[in-house]
Structure formats: C-alpha cells, structure tokens
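Below is one structure, written out as structure tokens; the observations come after it.
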Amino acid sequence: MKHTKGRMDESILVCVYYGPNGERLIRRGHKMATIMDCPLYILTVDPLPYDAFDAEKSGYIEQWQNLAEELEVEEFIIHDNEKRPSPKVIKEVAHKHNITQIIIGQTAQSRWEEITKGSFMNVLLREIPFVDFHVVSVDRSVKDEEDGIFEKGVRAYLVADGDDYKVSFTCAKNMCQEGIFFKEIGTDFDNGIFKFMHNNKMHQVHIQENLVTDNSQVPDGCSVKIKQ
C-alpha cells in the first residue's frame with residue numbers, strides 16, 4: 001500500500017531514457033520526493049511502439065517498472081509510438097499531474113548536437129516555464145557510441161576537389177557542406193566521419209586520408225566541380 005503523501009502542492013517528474021543512468025535519476029527523484037513527502041512520477045518517451053522494442057530496451061523498461069514498485073512511485077508512464085517532440089510530451093504530462101519539479105539527465109552537449117538539435121534544456125524552459133528543473137550530470141559514455149573511437153568533433157567543411165570531395169577546416173569558395181568532423185583516435189591522418197545536415201536530414205560520410213571514400217553518399221545538390 002502506498003504511503004499517503006503529506007504534500008500535494010508539490011510533485012516530481014523524472015524523465016528517463018535507455019541506459020544505466022535511468023536508475024540513478026529515479027533514485028535521485030525518490031530521494032527528493034521522500035524529503036518533500038510528495039508524489040513521484042516517472043516518464044519515458046519513445047517513437048517506436050512498445051512491441052517493437054528490442055531486448056535491451058524492454059529490459060530497461062522492466063527494470064524501471066520493478067524499481068517504481070519497490071520505491072512506491074505514484075505512476076510509471078510510458079509514451080510509446082510517440083511522434084511528437086519529447087518536450088511537448090513532457091509538458092502534457094506535467095500539466096496533467098500538476099508537476100512542480102522535473103529531473104532530467106544532461107550530458108555535455110557536443111557542437112554537432114547544438115547545430116542539429118539546439119539546446120534541449122532551452123526548449124524545455126520555453127515549453128514548461130511553470131516548473132523547477134533539476135539537471136543531473138550523467139555518464140556521457142552510455143549515450144555517445146562514438147566515445148572511445150573518435151576524438152571530439154570539430155567544425156569542418158566538405159569541399160569539391162576535382163572528381164572527389166575532401167574535408168577542409170577552412171571555409172573555401174568551393175565549399176559544399178558545413179558540418180562536424182570526428183577524427184579516429186590514434187591516427188596521424190584525417191580519417192574518420194563527417195556529419196552534416198542537408199534538406200533537414202542528417203548525413204554522414206566516411207573519410208580516409210582527408211577524402212570521402214564513397215561519393216555516392218554525398219546527396220544531390222552538392223555536385224563535384226570538375227577541373228578544367
């Protein structure tokens with residue numbers, strides 16, 4: 001039987017995504033809710049339907065559900081098959097349950113993420129100005145699959161060079177795309193991947209010794225300039 005909360009003017013929402021940091025966030029929320037003696041809710045959002053989750057995702061969901069029961073959480077909320085942006089869903093849940101405090105995990109945002117997504121925290125602040133946010137630093141390594149393989153991304157440009165494309169770190173007249181270059185760790189050459197946005201879609205090409213390995217991966221609209 002759940003303990004009757006002493007304060008109903010405060011309520012906490014923990015937003016979790018897949019990975020071991022989810023449990024840490026939930027326990028942080030539970031600690032706050034215990035001190036404040038107020039209801040605690042957990043929310044996870046996924047664009048896929050629940051029956052399409054892989055074994056790892058399903059495992060985390062089960063783990064969090066068990067933890068929610070153990071900690072006597074008010075409600076564990078799953079928004080699967082969700083096509084709306086996460087901040088919109090979080091805002092809806094916050095309104096429905098009179099949330100006053102939201103806990104989220106935050107990694108150090110890369111320059112690439114800033115270019116393609118903007119600041120997630122700023123979007124939340126605009127969408128939900130009526131709550132207090134608690135941003136908990138989480139382990140970046142569980143989020144960034146490129147950690148340990150590539151160095152930190154740097155601004156770069158894809159430029160036409162005869163029949164090829166190459167990566168340049170200075171903006172040139174024959175620049176085709178601006179993006180982020182992730183260099184492989186442990187190489188003296190410019191080997192790695194170049195990521196960029198084109199027509200609101202993310203693309204990436206592999207780079208070997210400064211050149212794109214497969215020109216067909218470069219989308220139309222960035223034509224190679226043939227040397228005369």
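In the structure tokens, each chain is lettered A, B, ... as it comes, each chain's residues begin at 1, and ligands are numbered from 1 in order of appearance.
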Considering only C-alpha atoms, return as a ChimeraX atom specification whatever protein or nucleic-acid residues lie within 6 Å of Ile128 of chain A, sequence-local ones (same chain, fewer than 3 positions apart) excluded. /A:91,124-125
Could those selected residues go to a file with N, CA, C and O atoms, as a short mmCIF file (atom, residue, chain, number, x, y, z; two decimals), in the first residue's frame?
```cif
data_model
loop_
_atom_site.label_atom_id
_atom_site.label_comp_id
_atom_site.auth_asym_id
_atom_site.auth_seq_id
_atom_site.Cartn_x
_atom_site.Cartn_y
_atom_site.Cartn_z
N LYS A 91 5.61 18.35 -21.36
CA LYS A 91 4.72 19.44 -20.98
C LYS A 91 3.31 18.92 -20.68
O LYS A 91 2.69 19.30 -19.68
N LEU A 124 12.87 23.01 -23.26
CA LEU A 124 12.04 22.66 -22.11
C LEU A 124 11.65 23.91 -21.32
O LEU A 124 10.50 24.05 -20.88
N LEU A 125 12.60 24.81 -21.14
CA LEU A 125 12.32 26.03 -20.37
C LEU A 125 11.26 26.88 -21.05
O LEU A 125 10.43 27.51 -20.38
#
```
Identify, on the basis of only C-alpha atoms, every residue whose closest approach to Glu178 of chain A does not exceed 9 Å; exclude the query and any residue fewer than 5 positions from it along the same chain; express the result as a compact mmCIF listing (two decimals) with C-alpha atoms, in the first residue's frame.
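New file part30.txt:
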```
# COMPACT_ATOMS: atom_id res chain seq x y z
CA ARG A 155 33.77 22.25 -37.31
CA ALA A 156 34.78 21.37 -40.86
CA TYR A 157 33.69 21.76 -44.48
CA LEU A 158 33.16 19.35 -47.35
CA CYS A 171 35.79 27.77 -45.45
CA LYS A 195 28.40 14.57 -40.36
CA PHE A 196 26.23 17.28 -41.86
CA MET A 197 22.65 18.40 -42.36
```
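Non-sequential neighbours of Pro47 of chain A (distance at most 10 Å, separation of 3 or more positions within a chain, only C-alpha atoms) are Tyr50, His79, Asp80, Asn81, Glu82, Lys83, Arg84, Pro85 and Ser86 of chain A.
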For atom CA of Leu71 of chain A and atom CA of His30 of chain A, quote the distance in Å rounded to one decimal. 7.2 Å
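Using only C-alpha atoms, the nearest neighbour of Gly105 of chain A within the list A:Ile61, A:Ile207, A:Leu25, A:Val154 is A:Leu25.
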If you count only C-alpha atoms, the residue of A:Gly59, A:Gln101, A:Val212, A:Val123 closest to Val135 of chain A turns out to be A:Gln101
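From atom CA of Tyr18 of chain A back to atom CA of Leu43 of chain A, the distance works out to 11.6 Å.
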